[in-house]
$ cat coords.txt   # compact mmCIF, C-alpha atoms and all ligand atoms
# COMPACT_ATOMS: atom_id res chain seq x y z
CA MET O 1 66.42 83.89 -72.00
CA GLU O 2 68.35 86.41 -69.89
CA VAL O 3 70.56 88.61 -72.10
CA ASN O 4 73.90 89.79 -70.72
CA LEU O 5 74.06 93.13 -72.52
CA GLU O 6 77.23 94.24 -70.79
CA LYS O 7 79.05 91.17 -72.05
CA VAL O 8 77.84 91.80 -75.60
CA PHE O 9 78.71 95.49 -75.33
CA ASN O 10 82.26 94.64 -74.34
CA LEU O 11 82.79 92.58 -77.48
CA PHE O 12 82.52 95.71 -79.61
CA ASP O 13 85.08 98.46 -79.99
CA ALA O 14 82.87 101.16 -78.46
CA LYS O 15 84.15 104.23 -76.62
CA GLY O 16 83.06 104.43 -73.01
CA SER O 17 81.95 101.87 -70.49
CA TYR O 18 78.65 100.11 -69.99
CA PHE O 19 76.24 101.83 -67.62
CA SER O 20 72.80 100.38 -68.44
CA GLY O 21 70.82 98.66 -71.18
CA GLU O 22 67.13 98.48 -72.03
CA ILE O 23 64.83 97.09 -74.73
CA TYR O 24 64.30 99.89 -77.24
CA GLY O 25 61.98 100.95 -80.10
CA SER O 26 58.98 99.36 -81.76
CA GLY O 27 60.52 97.40 -84.67
CA HIS O 28 58.82 94.13 -85.65
CA ILE O 29 61.92 92.13 -86.57
CA HIS O 30 65.06 92.30 -84.40
CA ASP O 31 65.58 92.44 -80.62
CA THR O 32 66.84 96.01 -80.19
CA TYR O 33 68.49 97.41 -77.04
CA ARG O 34 69.80 100.85 -76.16
CA ILE O 35 73.01 100.96 -74.18
CA ILE O 36 73.80 104.00 -72.06
CA THR O 37 77.49 104.58 -71.38
CA ALA O 38 78.80 105.82 -68.05
CA GLU O 39 80.71 108.78 -69.50
CA ASP O 40 78.88 111.96 -70.53
CA ASP O 41 81.24 112.63 -73.41
CA CYS O 42 80.81 109.18 -74.99
CA ASP O 43 78.10 108.11 -77.41
CA ASN O 44 75.33 105.75 -76.40
CA TYR O 45 74.76 102.68 -78.54
CA ILE O 46 72.18 100.42 -80.13
CA ILE O 47 72.75 96.68 -79.88
CA GLN O 48 70.66 94.31 -82.00
CA LYS O 49 70.21 90.58 -81.74
CA LEU O 50 69.46 89.86 -85.36
CA ASN O 51 66.46 87.88 -86.50
CA THR O 52 68.07 85.06 -88.44
CA ARG O 53 64.76 83.45 -89.41
CA VAL O 54 64.19 86.59 -91.47
CA PHE O 55 67.82 87.37 -92.44
CA ARG O 56 69.47 84.04 -93.16
CA ASP O 57 72.90 85.19 -94.30
CA VAL O 58 74.26 87.65 -91.73
CA PRO O 59 77.76 88.09 -93.26
CA LYS O 60 76.22 89.11 -96.60
CA LEU O 61 73.62 91.27 -94.86
CA GLN O 62 76.32 93.10 -92.93
CA ASN O 63 78.45 93.45 -96.03
CA ASN O 64 75.55 95.28 -97.72
CA ILE O 65 75.18 97.65 -94.75
CA GLU O 66 78.94 98.29 -94.63
CA ARG O 67 78.93 99.19 -98.33
CA VAL O 68 75.86 101.39 -98.05
CA THR O 69 76.98 103.29 -94.94
CA THR O 70 80.49 103.80 -96.32
CA HIS O 71 79.05 105.21 -99.55
CA LEU O 72 76.62 107.48 -97.72
CA LYS O 73 79.33 108.74 -95.36
CA ASN O 74 81.63 109.54 -98.28
CA LYS O 75 78.84 111.51 -99.94
CA LEU O 76 77.82 113.32 -96.75
CA SER O 77 81.38 114.31 -95.95
CA LEU O 78 81.44 116.34 -99.17
CA ILE O 79 78.35 118.33 -98.19
CA PRO O 80 79.28 121.46 -96.21
CA GLY O 81 77.63 121.58 -92.80
CA SER O 82 76.60 117.94 -92.76
CA ASN O 83 77.04 115.82 -89.65
CA VAL O 84 78.17 112.43 -90.89
CA LYS O 85 77.73 110.68 -87.54
CA ARG O 86 74.13 111.82 -87.14
CA GLU O 87 72.94 111.66 -90.74
CA CYS O 88 74.04 108.08 -91.38
CA LEU O 89 74.15 104.90 -89.28
CA THR O 90 77.61 104.00 -87.91
CA LEU O 91 78.42 100.33 -87.40
CA ILE O 92 80.90 99.54 -84.60
CA PRO O 93 83.36 96.71 -85.35
CA LEU O 94 84.42 94.06 -82.85
CA ARG O 95 87.45 94.74 -80.66
CA GLY O 96 90.65 93.84 -82.48
CA SER O 97 88.86 93.06 -85.72
CA ASN O 98 87.11 94.77 -88.60
CA MET O 99 84.11 92.47 -88.43
CA THR O 100 80.78 94.17 -87.73
CA TRP O 101 78.92 91.21 -86.27
CA HIS O 102 79.42 88.56 -83.59
CA CYS O 103 77.98 85.04 -83.42
CA ASP O 104 77.77 83.75 -79.83
CA TRP O 105 77.84 80.18 -78.49
CA ASP O 106 74.06 79.88 -78.83
CA GLY O 107 74.17 80.88 -82.50
CA ASN O 108 72.80 84.38 -81.86
CA TYR O 109 74.12 87.13 -84.14
CA TRP O 110 74.78 90.58 -82.69
CA ARG O 111 75.69 93.99 -84.12
CA MET O 112 76.17 97.48 -82.74
CA TYR O 113 75.47 101.02 -84.02
CA ILE O 114 76.11 104.43 -82.53
CA TYR O 115 72.82 105.60 -81.00
CA ILE O 116 71.63 108.71 -82.84
CA SER O 117 70.73 111.00 -79.97
CA ASP O 118 68.22 113.86 -79.89
CA HIS O 119 66.03 112.46 -82.59
CA LYS O 120 62.29 112.16 -83.00
CA SER O 121 60.64 109.07 -84.38
CA TYR O 122 56.96 108.86 -85.30
CA ASP O 123 54.67 105.85 -85.63
CA ILE O 124 51.87 108.27 -86.61
CA VAL O 125 52.51 111.54 -88.47
CA ASP O 126 50.34 114.50 -87.53
CA THR O 127 51.55 117.42 -89.67
CA PRO O 128 52.32 117.98 -93.36
CA ASP O 129 55.72 119.44 -92.40
CA LYS O 130 56.83 116.15 -90.88
CA ALA O 131 55.53 114.22 -93.89
CA TYR O 132 57.41 116.59 -96.22
CA GLU O 133 60.64 116.06 -94.27
CA GLY O 134 60.18 112.28 -94.43
CA GLY O 135 59.72 112.46 -98.18
CA LYS O 136 62.84 114.56 -98.50
CA ALA O 137 64.84 112.07 -96.43
CA ILE O 138 63.85 109.09 -98.59
CA GLY O 139 64.32 111.02 -101.83
CA ARG O 140 67.78 112.11 -100.73
CA PHE O 141 68.62 108.58 -99.60
CA GLN O 142 67.75 107.15 -103.01
CA ALA O 143 69.58 109.97 -104.81
CA MET O 144 72.77 109.45 -102.76
CA LEU O 145 72.76 105.71 -103.48
CA ALA O 146 72.16 106.13 -107.21
CA ASP O 147 75.89 105.83 -107.94
CA LEU O 148 76.77 103.04 -105.51
CA GLY O 149 79.63 101.23 -107.22
CA GLY O 150 80.39 97.53 -107.53
CA GLU O 151 78.14 94.55 -108.00
CA PRO O 152 74.43 94.84 -107.10
CA LEU O 153 73.71 94.57 -103.39
CA PHE O 154 72.95 91.10 -102.05
CA GLU O 155 69.21 90.35 -101.99
CA THR O 156 68.83 89.95 -98.21
CA ILE O 157 65.24 88.72 -98.48
CA PRO O 158 64.62 87.26 -101.93
CA PHE O 159 61.43 88.48 -103.65
CA PHE O 160 60.75 90.78 -100.68
CA HIS O 161 58.13 92.97 -102.37
CA ASN O 162 57.26 90.55 -105.18
CA ILE O 163 53.49 90.39 -104.82
CA GLU O 164 53.21 87.41 -107.16
CA LYS O 165 55.43 85.33 -104.84
CA ARG O 166 53.71 86.75 -101.74
CA LEU O 167 50.33 85.68 -103.16
CA GLU O 168 51.63 82.19 -103.95
CA THR O 169 52.69 81.82 -100.30
CA PHE O 170 49.35 83.29 -99.17
CA HIS O 171 47.33 80.77 -101.24
CA ARG O 172 49.49 77.86 -100.09
CA THR O 173 49.04 78.89 -96.45
CA VAL O 174 45.26 79.34 -96.79
CA ILE O 175 44.99 75.83 -98.28
CA SER O 176 47.24 74.13 -95.73
CA ASP O 177 45.71 76.20 -92.86
CA PRO O 178 48.20 74.79 -90.31
CA LYS O 179 46.50 76.34 -87.24
CA GLY O 180 42.87 76.16 -88.37
CA ARG O 181 42.69 79.95 -88.51
CA ALA O 182 41.72 80.59 -92.13
CA ALA O 183 37.95 80.56 -91.50
CA GLU O 184 38.29 83.44 -89.07
CA ALA O 185 39.93 85.51 -91.82
CA GLY O 186 37.44 84.51 -94.56
CA ASP O 187 36.27 88.05 -95.33
CA LEU O 188 39.83 89.35 -95.66
CA ILE O 189 40.89 86.43 -97.83
CA LYS O 190 38.13 87.40 -100.29
CA GLU O 191 39.24 91.06 -100.24
CA ILE O 192 42.81 89.99 -101.06
CA GLU O 193 41.69 87.65 -103.84
CA SER O 194 39.53 90.28 -105.55
CA ARG O 195 42.48 92.62 -106.13
CA GLU O 196 45.26 90.28 -107.26
CA GLU O 197 45.70 91.46 -110.86
CA LYS O 198 45.71 95.19 -110.11
CA MET O 199 48.40 94.72 -107.48
CA LYS O 200 50.79 93.11 -109.99
CA THR O 201 50.92 96.37 -112.00
CA ILE O 202 54.33 97.55 -110.72
CA LEU O 203 55.83 94.10 -111.26
CA ARG O 204 54.54 94.05 -114.85
CA LEU O 205 55.98 97.52 -115.57
CA GLY O 206 59.35 96.21 -114.41
CA GLU O 207 59.08 93.09 -116.55
CA LYS O 208 58.33 95.27 -119.58
CA GLY O 209 61.41 97.37 -118.86
CA LEU O 210 59.37 100.53 -118.32
CA ILE O 211 60.71 101.13 -114.80
CA PRO O 212 64.31 100.38 -113.73
CA LEU O 213 65.59 98.57 -110.68
CA ARG O 214 67.41 101.10 -108.47
CA THR O 215 69.06 100.87 -105.06
CA THR O 216 66.11 101.31 -102.73
CA HIS O 217 65.51 101.01 -98.99
CA ASN O 218 62.50 98.70 -99.11
CA ASP O 219 61.38 99.27 -95.51
CA THR O 220 60.46 102.94 -95.40
CA LYS O 221 58.00 102.67 -92.54
CA PHE O 222 57.96 106.22 -91.15
CA ASN O 223 59.60 105.20 -87.87
CA ASN O 224 62.64 104.16 -89.89
CA ILE O 225 63.13 107.85 -90.75
CA LEU O 226 64.57 109.79 -87.83
CA LEU O 227 63.83 113.52 -87.61
CA ASP O 228 65.84 115.88 -85.42
CA VAL O 229 64.46 117.79 -82.44
CA ASN O 230 63.17 120.48 -84.80
CA ASP O 231 61.41 117.82 -86.88
CA THR O 232 63.84 118.22 -89.78
CA ALA O 233 64.94 115.13 -91.75
CA LEU O 234 67.95 113.59 -90.03
CA CYS O 235 68.74 109.96 -90.84
CA VAL O 236 67.24 106.91 -92.56
CA ILE O 237 67.79 103.80 -90.43
CA ASP O 238 66.95 100.06 -90.64
CA LEU O 239 69.17 99.33 -93.64
CA ASP O 240 68.68 95.53 -93.69
CA THR O 241 66.62 95.55 -96.85
CA VAL O 242 68.56 98.10 -98.90
CA MET O 243 68.87 96.26 -102.21
CA PRO O 244 67.69 96.52 -105.81
CA GLY O 245 64.01 97.51 -105.99
CA TYR O 246 61.50 99.82 -107.63
CA VAL O 247 61.13 103.33 -106.22
CA HIS O 248 57.42 102.61 -105.83
CA TYR O 249 58.13 100.26 -102.95
CA ASP O 250 59.79 103.02 -100.90
CA PHE O 251 57.24 105.63 -101.87
CA GLY O 252 54.34 103.27 -101.18
CA ASP O 253 55.52 102.07 -97.76
CA ALA O 254 56.24 105.58 -96.55
CA ILE O 255 52.78 106.74 -97.64
CA ARG O 256 51.22 103.66 -95.99
CA THR O 257 52.66 104.71 -92.66
CA ALA O 258 52.92 108.52 -92.92
CA THR O 259 49.36 109.20 -94.07
CA ASN O 260 47.42 106.77 -91.88
CA THR O 261 45.37 108.76 -89.37
CA ALA O 262 45.61 105.84 -86.91
CA ALA O 263 48.09 103.17 -85.84
CA GLU O 264 49.17 100.35 -88.14
CA ASP O 265 47.27 97.91 -85.91
CA GLU O 266 44.32 100.15 -84.94
CA SER O 267 41.36 97.98 -83.84
CA ASP O 268 38.73 100.72 -84.31
CA LEU O 269 38.54 100.70 -88.11
CA ASP O 270 36.51 103.92 -88.16
CA ARG O 271 39.64 105.80 -87.10
CA ILE O 272 41.66 104.66 -90.12
CA LYS O 273 41.88 106.87 -93.19
CA MET O 274 44.51 108.10 -95.62
CA ASP O 275 45.05 111.83 -95.03
CA ILE O 276 45.39 113.39 -98.49
CA ASN O 277 47.21 116.46 -97.15
CA LEU O 278 49.92 114.25 -95.67
CA PHE O 279 50.11 112.39 -98.98
CA SER O 280 50.59 115.64 -100.86
CA ALA O 281 53.27 116.88 -98.44
CA TYR O 282 55.26 113.62 -98.50
CA ALA O 283 55.08 113.49 -102.31
CA GLU O 284 56.29 117.08 -102.53
CA GLY O 285 59.27 116.36 -100.27
CA TYR O 286 60.10 113.16 -102.14
CA LEU O 287 59.86 114.68 -105.61
CA SER O 288 61.94 117.69 -104.55
CA GLN O 289 64.90 115.28 -104.47
CA THR O 290 64.01 112.84 -107.26
CA ARG O 291 61.93 114.68 -109.87
CA ASP O 292 64.86 115.00 -112.26
CA THR O 293 66.00 111.39 -112.09
CA LEU O 294 62.74 109.43 -112.23
CA ASN O 295 61.35 108.53 -115.64
CA ALA O 296 57.81 109.47 -116.70
CA THR O 297 56.39 106.00 -116.00
CA GLU O 298 57.95 105.89 -112.55
CA ILE O 299 56.33 109.22 -111.71
CA GLU O 300 52.97 108.29 -113.22
CA TYR O 301 52.67 105.16 -111.08
CA LEU O 302 53.67 106.77 -107.76
CA ALA O 303 49.97 107.34 -107.08
CA LEU O 304 49.24 103.59 -107.29
CA ALA O 305 52.28 102.54 -105.23
CA PRO O 306 50.67 103.08 -101.77
CA GLN O 307 47.85 100.70 -102.70
CA VAL O 308 50.29 98.05 -103.90
CA ILE O 309 52.43 98.18 -100.77
CA THR O 310 49.50 98.44 -98.34
CA TYR O 311 47.97 95.41 -100.05
CA THR O 312 51.31 93.55 -99.94
CA ILE O 313 51.72 94.19 -96.21
CA ALA O 314 48.09 93.21 -95.56
CA THR O 315 48.74 89.97 -97.46
CA ARG O 316 51.88 89.33 -95.39
CA PHE O 317 50.07 90.02 -92.08
CA ILE O 318 47.15 87.73 -92.94
CA THR O 319 49.51 85.01 -94.18
CA ASP O 320 51.50 85.21 -90.94
CA PHE O 321 48.28 85.01 -88.89
CA ILE O 322 47.10 81.86 -90.70
CA ASP O 323 50.60 80.40 -90.52
CA GLY O 324 50.75 80.80 -86.73
CA ASP O 325 52.72 84.05 -86.31
CA ASN O 326 56.18 82.92 -87.33
CA TYR O 327 57.43 86.19 -88.84
CA PHE O 328 56.28 89.46 -87.25
CA LYS O 329 56.62 90.11 -83.52
CA ILE O 330 53.14 90.08 -81.96
CA LYS O 331 51.68 91.35 -78.70
CA HIS O 332 48.58 89.07 -78.66
CA SER O 333 47.22 86.06 -80.53
CA HIS O 334 45.12 88.04 -83.02
CA HIS O 335 47.62 90.85 -83.58
CA ASN O 336 48.46 89.95 -87.17
CA LEU O 337 44.76 89.59 -88.04
CA GLN O 338 44.08 93.00 -86.49
CA ARG O 339 46.97 94.51 -88.45
CA ALA O 340 45.67 92.98 -91.68
CA ARG O 341 42.15 94.33 -91.09
CA ALA O 342 43.57 97.79 -90.39
CA GLN O 343 45.68 97.71 -93.56
CA MET O 344 42.68 96.61 -95.62
CA LYS O 345 40.69 99.57 -94.30
CA LEU O 346 43.57 101.89 -95.19
CA LEU O 347 43.76 100.37 -98.67
CA LYS O 348 40.06 101.10 -99.24
CA SER O 349 40.60 104.71 -98.21
CA MET O 350 43.46 104.94 -100.73
CA GLU O 351 41.25 103.43 -103.43
CA GLU O 352 38.56 106.04 -102.74
CA GLN O 353 41.08 108.87 -103.07
CA TYR O 354 43.04 107.49 -106.01
CA SER O 355 42.01 110.05 -108.63
CA GLU O 356 42.89 112.88 -106.25
CA MET O 357 46.30 111.26 -105.60
CA GLN O 358 46.91 111.02 -109.35
CA LYS O 359 46.13 114.72 -109.76
CA ILE O 360 48.54 115.65 -106.97
CA ILE O 361 51.39 113.61 -108.47
CA LYS O 362 50.72 115.14 -111.86
CA SER O 363 50.77 118.67 -110.52
CA LEU O 364 53.99 118.02 -108.55
CA SER O 365 55.82 116.44 -111.46
CA ILE O 366 56.06 119.56 -113.58
P1 LIG W 1 63.54 96.46 -86.85
O1 LIG W 1 64.01 95.87 -88.15
O2 LIG W 1 63.19 95.45 -85.83
O3 LIG W 1 62.46 97.48 -87.10
P2 LIG W 1 65.33 98.75 -86.50
O4 LIG W 1 66.72 98.66 -87.03
O5 LIG W 1 64.36 99.57 -87.25
O6 LIG W 1 64.80 97.25 -86.26
O7 LIG W 1 65.44 99.28 -85.00
C1 LIG W 1 64.30 99.33 -84.15
C2 LIG W 1 64.14 100.71 -83.56
O8 LIG W 1 65.32 101.07 -82.81
C3 LIG W 1 63.98 101.82 -84.58
O9 LIG W 1 62.65 101.98 -84.97
C4 LIG W 1 64.52 103.03 -83.81
O10 LIG W 1 63.52 103.53 -82.94
C5 LIG W 1 65.62 102.43 -82.97
N1 LIG W 1 66.97 102.56 -83.57
C6 LIG W 1 67.61 101.66 -84.33
N2 LIG W 1 68.85 102.08 -84.65
C7 LIG W 1 69.00 103.29 -84.08
C8 LIG W 1 70.08 104.24 -84.01
N3 LIG W 1 71.27 104.01 -84.59
N4 LIG W 1 69.89 105.38 -83.30
C9 LIG W 1 68.70 105.63 -82.68
N5 LIG W 1 67.67 104.76 -82.69
C10 LIG W 1 67.80 103.61 -83.38
C1 LIG W 2 58.77 95.20 -90.62
O1 LIG W 2 61.58 96.05 -89.48
P1 LIG W 2 60.36 96.94 -89.37
O2 LIG W 2 59.56 96.74 -88.12
O3 LIG W 2 60.72 98.36 -89.63
C2 LIG W 2 58.99 94.56 -91.98
C3 LIG W 2 58.37 95.45 -93.06
C4 LIG W 2 56.90 95.66 -92.78
C5 LIG W 2 56.73 96.23 -91.38
C6 LIG W 2 55.28 96.32 -91.01
C7 LIG W 2 62.32 93.08 -92.86
O4 LIG W 2 59.42 96.46 -90.59
O5 LIG W 2 58.51 94.84 -94.33
O6 LIG W 2 56.36 96.57 -93.70
O7 LIG W 2 57.38 95.39 -90.40
N1 LIG W 2 60.40 94.37 -92.21
C8 LIG W 2 60.85 93.19 -92.70
O8 LIG W 2 55.14 97.07 -89.86
O9 LIG W 2 60.11 92.25 -92.98
MG MG W 3 62.47 99.28 -88.17
$ encode --input "coords.txt" --output "structure tokens" --more "lines below"
Ligand code: ADP
Ligand code: GN1
Ligand code: MG
Amino acid sequence: MEVNLEKVFNLFDAKGSYFSGEIYGSGHIHDTYRIITAEDDCDNYIIQKLNTRVFRDVPKLQNNIERVTTHLKNKLSLIPGSNVKRECLTLIPLRGSNMTWHCDWDGNYWRMYIYISDHKSYDIVDTPDKAYEGGKAIGRFQAMLADLGGEPLFETIPFFHNIEKRLETFHRTVISDPKGRAAEAGDLIKEIESREEKMKTILRLGEKGLIPLRTTHNDTKFNNILLDVNDTALCVIDLDTVMPGYVHYDFGDAIRTATNTAAEDESDLDRIKMDINLFSAYAEGYLSQTRDTLNATEIEYLALAPQVITYTIATRFITDFIDGDNYFKIKHSHHNLQRARAQMKLLKSMEEQYSEMQKIIKSLSI
């Protein structure tokens, strides 16, 4: 379907006039466009057509993001030298309204952010310095949201990182096998099944009250952390899943993406490995901001978190493949299977280096 970006742009109370629009970024969920304005002294913008199969209640989703960005902006404005507009997402309301989303005649939901210019975004991280900065950004993000007031944030995707629920869906999908694809993934299905109990560890710690629910990001893929042109931490974006969670989910997902020596969907499995130096650097950056607030159990289990999240994402990719690719955007028919195989390879590399990871966390925690 042809999208009239200029028409959508004009619904929002942006400064400047529409010059051009293009598909932007490599996110797997929304349709994201960058809008360039005609005037040099006006911001450019990001417009997103929201994925409502994934996010079913847009008003509540947007309310979460409004609360989170308002809180972050208030905090940032108290920090000397901070640049509130670049260090936090800015939602643009509709013209003549304070609403931050629009539903069109076809039932499509749209929102707009200021485009954060002069940033760098990495799908693959190649230096410990960048990993350290990413860790700092997520640690700071969690620390700033620790005193978010009011009722808990709305759970935008219920049971998002709950591996027990994810495995139930996985088993149901393997049994129903709606597209006759399960046989092709037989080896991976066995790999998933052999690790089920270990991967419920974080969930069990939560159930026992040993780790608290905090306000977490829940989608800390490294390309959701923008660095500035000097590769210094700038802004954490993609706030759709900010909600109550365990810190392990954020730590684990960032390590999954920051330490992989190859792409998330690399087809040559020999190229995939967890780089322990990048792990160490990210952990150092993260703990520099959170060491004093995390409890001893939270810190102890940071080393296991990357395995849990990598396994969870592998389970989600393989489930989506067998289900017929209804969730993640794909570029070819076996994309989700390829992603799942790559994540499984990464998981094995993490398993091999687990004792080293534990030592690093221990040495950084004191
Ligand atoms: P998805 O949930 O589909 O990943 P994101 O909100 O992460 O969607 O946006 C997709 C991509 O668009 C991001 O990875 C980033 O490259 C870019 N992007 C999103 N918002 C902004 C912004 N405000 N400024 C600059 N780039 C952005
Ligand atoms: C999605 O939105 P994006 O592309 O940053 C997904 C994450 C997965 C990731 C895998 C809301 O992240 O959970 O880890 O793809 N986001 C959602 O690449 O499902
Ligand atoms: Mg994203």
$ atom_distance --input "coords.txt" --atom1 "CA of Asn108 in chain O" --atom2 "CA of Asn44 in chain O"
22.2 Å
$ residues_around --input "coords.txt" --residues "range 238-249 of chain O" --least-positions-apart "2" --cutoff "7 Å" --atoms "only C-alpha atoms" --output "ChimeraX atom specification"
/O:61,65,153-156,212-219,224,251-253,302,305,309
$ residues_near_ligand --input "coords.txt" --ligand "ligand MG 3 (chain W)" --cutoff "9 Å" --atoms "all atoms listed in the file" --output "ChimeraX atom specification"
/O:25-30,219-225,237-239
$ write_last_selection --input "coords.txt" --atoms "C-alpha atoms" --output "PDB file, in the frame of the given file"
ATOM      1  CA  GLY O  25      61.980 100.950 -80.100  1.00  0.00           C
ATOM      2  CA  SER O  26      58.980  99.360 -81.760  1.00  0.00           C
ATOM      3  CA  GLY O  27      60.520  97.400 -84.670  1.00  0.00           C
ATOM      4  CA  HIS O  28      58.820  94.130 -85.650  1.00  0.00           C
ATOM      5  CA  ILE O  29      61.920  92.130 -86.570  1.00  0.00           C
ATOM      6  CA  HIS O  30      65.060  92.300 -84.400  1.00  0.00           C
ATOM      7  CA  ASP O 219      61.380  99.270 -95.510  1.00  0.00           C
ATOM      8  CA  THR O 220      60.460 102.940 -95.400  1.00  0.00           C
ATOM      9  CA  LYS O 221      58.000 102.670 -92.540  1.00  0.00           C
ATOM     10  CA  PHE O 222      57.960 106.220 -91.150  1.00  0.00           C
ATOM     11  CA  ASN O 223      59.600 105.200 -87.870  1.00  0.00           C
ATOM     12  CA  ASN O 224      62.640 104.160 -89.890  1.00  0.00           C
ATOM     13  CA  ILE O 225      63.130 107.850 -90.750  1.00  0.00           C
ATOM     14  CA  ILE O 237      67.790 103.800 -90.430  1.00  0.00           C
ATOM     15  CA  ASP O 238      66.950 100.060 -90.640  1.00  0.00           C
ATOM     16  CA  LEU O 239      69.170  99.330 -93.640  1.00  0.00           C
TER      17      LEU O 239
END
$ closest_residue --input "coords.txt" --among "O:Leu188, O:Leu167, O:Leu278, O:Val236" --to "ligand LIG 1 (chain W)" --atoms "all atoms listed in the file"
O:Val236
$ atom_distance --input "coords.txt" --atom1 "CA of Arg166 in chain O" --atom2 "CA of Ala296 in chain O"
27.5 Å
$ closest_residue --input "coords.txt" --among "O:Glu356, O:Thr37, O:Asn4, O:Glu351" --to "Gly16 in chain O" --atoms "only C-alpha atoms"
O:Thr37
$ atom_distance --input "coords.txt" --atom1 "CA of His161 in chain O" --atom2 "atom O5 of ligand LIG 2 (chain W)"
8.3 Å
$ axis_aligned_box --input "coords.txt" --around "ligand LIG 2 (chain W)" --padding-each-side "4 Å" --output "JSON"
{"center_x": 58.7, "center_y": 95.3, "center_z": -91.2, "size_x": 15.2, "size_y": 14.1, "size_z": 14.2}
$ closest_residue --input "coords.txt" --among "O:Glu87, O:Glu66, O:Glu6, O:Asp31" --to "Asp228 in chain O" --atoms "all atoms listed in the file"
O:Glu87
$ residues_near_point --input "coords.txt" --point "(62.0, 109.8, -105.6)" --cutoff "6 Å" --atoms "all atoms listed in the file" --output "mmCIF file with C-alpha atoms, keeping the file's coordinate frame"
data_model
loop_
_atom_site.group_PDB
_atom_site.id
_atom_site.type_symbol
_atom_site.label_atom_id
_atom_site.label_comp_id
_atom_site.auth_asym_id
_atom_site.auth_seq_id
_atom_site.Cartn_x
_atom_site.Cartn_y
_atom_site.Cartn_z
ATOM 1 C CA GLY O 139 64.320 111.020 -101.830
ATOM 2 C CA TYR O 286 60.100 113.160 -102.140
ATOM 3 C CA LEU O 287 59.860 114.680 -105.610
ATOM 4 C CA THR O 290 64.010 112.840 -107.260
#
$ closest_residue --input "coords.txt" --among "O:Asp13, O:Asp41, O:Asp275, O:Glu133" --to "Leu234 in chain O" --atoms "all atoms listed in the file"
O:Glu133
$ decode --input "coords.txt" --residues "range 119-129 of chain O" --atoms "N, CA, C and O atoms" --output "PDB file, in the first residue's frame"
ATOM      1  N   HIS O 119      23.886  10.771  15.066  1.00  0.00           N
ATOM      2  CA  HIS O 119      24.092   9.645  15.977  1.00  0.00           C
ATOM      3  C   HIS O 119      24.732   8.494  15.210  1.00  0.00           C
ATOM      4  O   HIS O 119      24.727   8.468  13.985  1.00  0.00           O
ATOM      5  N   LYS O 120      25.255   7.541  15.961  1.00  0.00           N
ATOM      6  CA  LYS O 120      25.729   6.299  15.361  1.00  0.00           C
ATOM      7  C   LYS O 120      24.940   5.152  15.977  1.00  0.00           C
ATOM      8  O   LYS O 120      24.639   5.171  17.177  1.00  0.00           O
ATOM      9  N   SER O 121      24.621   4.187  15.145  1.00  0.00           N
ATOM     10  CA  SER O 121      23.842   3.042  15.591  1.00  0.00           C
ATOM     11  C   SER O 121      24.525   1.793  15.058  1.00  0.00           C
ATOM     12  O   SER O 121      24.927   1.769  13.896  1.00  0.00           O
ATOM     13  N   TYR O 122      24.714   0.796  15.904  1.00  0.00           N
ATOM     14  CA  TYR O 122      25.490  -0.374  15.490  1.00  0.00           C
ATOM     15  C   TYR O 122      24.679  -1.669  15.613  1.00  0.00           C
ATOM     16  O   TYR O 122      24.142  -1.966  16.674  1.00  0.00           O
ATOM     17  N   ASP O 123      24.638  -2.429  14.520  1.00  0.00           N
ATOM     18  CA  ASP O 123      24.064  -3.780  14.589  1.00  0.00           C
ATOM     19  C   ASP O 123      25.126  -4.746  15.114  1.00  0.00           C
ATOM     20  O   ASP O 123      24.813  -5.757  15.742  1.00  0.00           O
ATOM     21  N   ILE O 124      26.394  -4.444  14.810  1.00  0.00           N
ATOM     22  CA  ILE O 124      27.514  -5.252  15.321  1.00  0.00           C
ATOM     23  C   ILE O 124      28.490  -4.285  16.009  1.00  0.00           C
ATOM     24  O   ILE O 124      28.781  -3.218  15.475  1.00  0.00           O
ATOM     25  N   VAL O 125      28.970  -4.674  17.179  1.00  0.00           N
ATOM     26  CA  VAL O 125      29.886  -3.803  17.932  1.00  0.00           C
ATOM     27  C   VAL O 125      31.316  -4.325  17.734  1.00  0.00           C
ATOM     28  O   VAL O 125      31.549  -5.526  17.843  1.00  0.00           O
ATOM     29  N   ASP O 126      32.230  -3.411  17.448  1.00  0.00           N
ATOM     30  CA  ASP O 126      33.583  -3.890  17.137  1.00  0.00           C
ATOM     31  C   ASP O 126      34.653  -3.438  18.118  1.00  0.00           C
ATOM     32  O   ASP O 126      35.809  -3.844  17.997  1.00  0.00           O
ATOM     33  N   THR O 127      34.312  -2.606  19.112  1.00  0.00           N
ATOM     34  CA  THR O 127      35.356  -2.220  20.074  1.00  0.00           C
ATOM     35  C   THR O 127      34.800  -2.225  21.509  1.00  0.00           C
ATOM     36  O   THR O 127      33.626  -1.914  21.736  1.00  0.00           O
ATOM     37  N   PRO O 128      35.663  -2.555  22.475  1.00  0.00           N
ATOM     38  CA  PRO O 128      35.230  -2.524  23.877  1.00  0.00           C
ATOM     39  C   PRO O 128      34.711  -1.146  24.299  1.00  0.00           C
ATOM     40  O   PRO O 128      33.789  -1.053  25.108  1.00  0.00           O
ATOM     41  N   ASP O 129      35.266  -0.075  23.743  1.00  0.00           N
ATOM     42  CA  ASP O 129      34.795   1.265  24.134  1.00  0.00           C
ATOM     43  C   ASP O 129      33.318   1.463  23.820  1.00  0.00           C
ATOM     44  O   ASP O 129      32.566   2.030  24.619  1.00  0.00           O
TER      45      ASP O 129
END
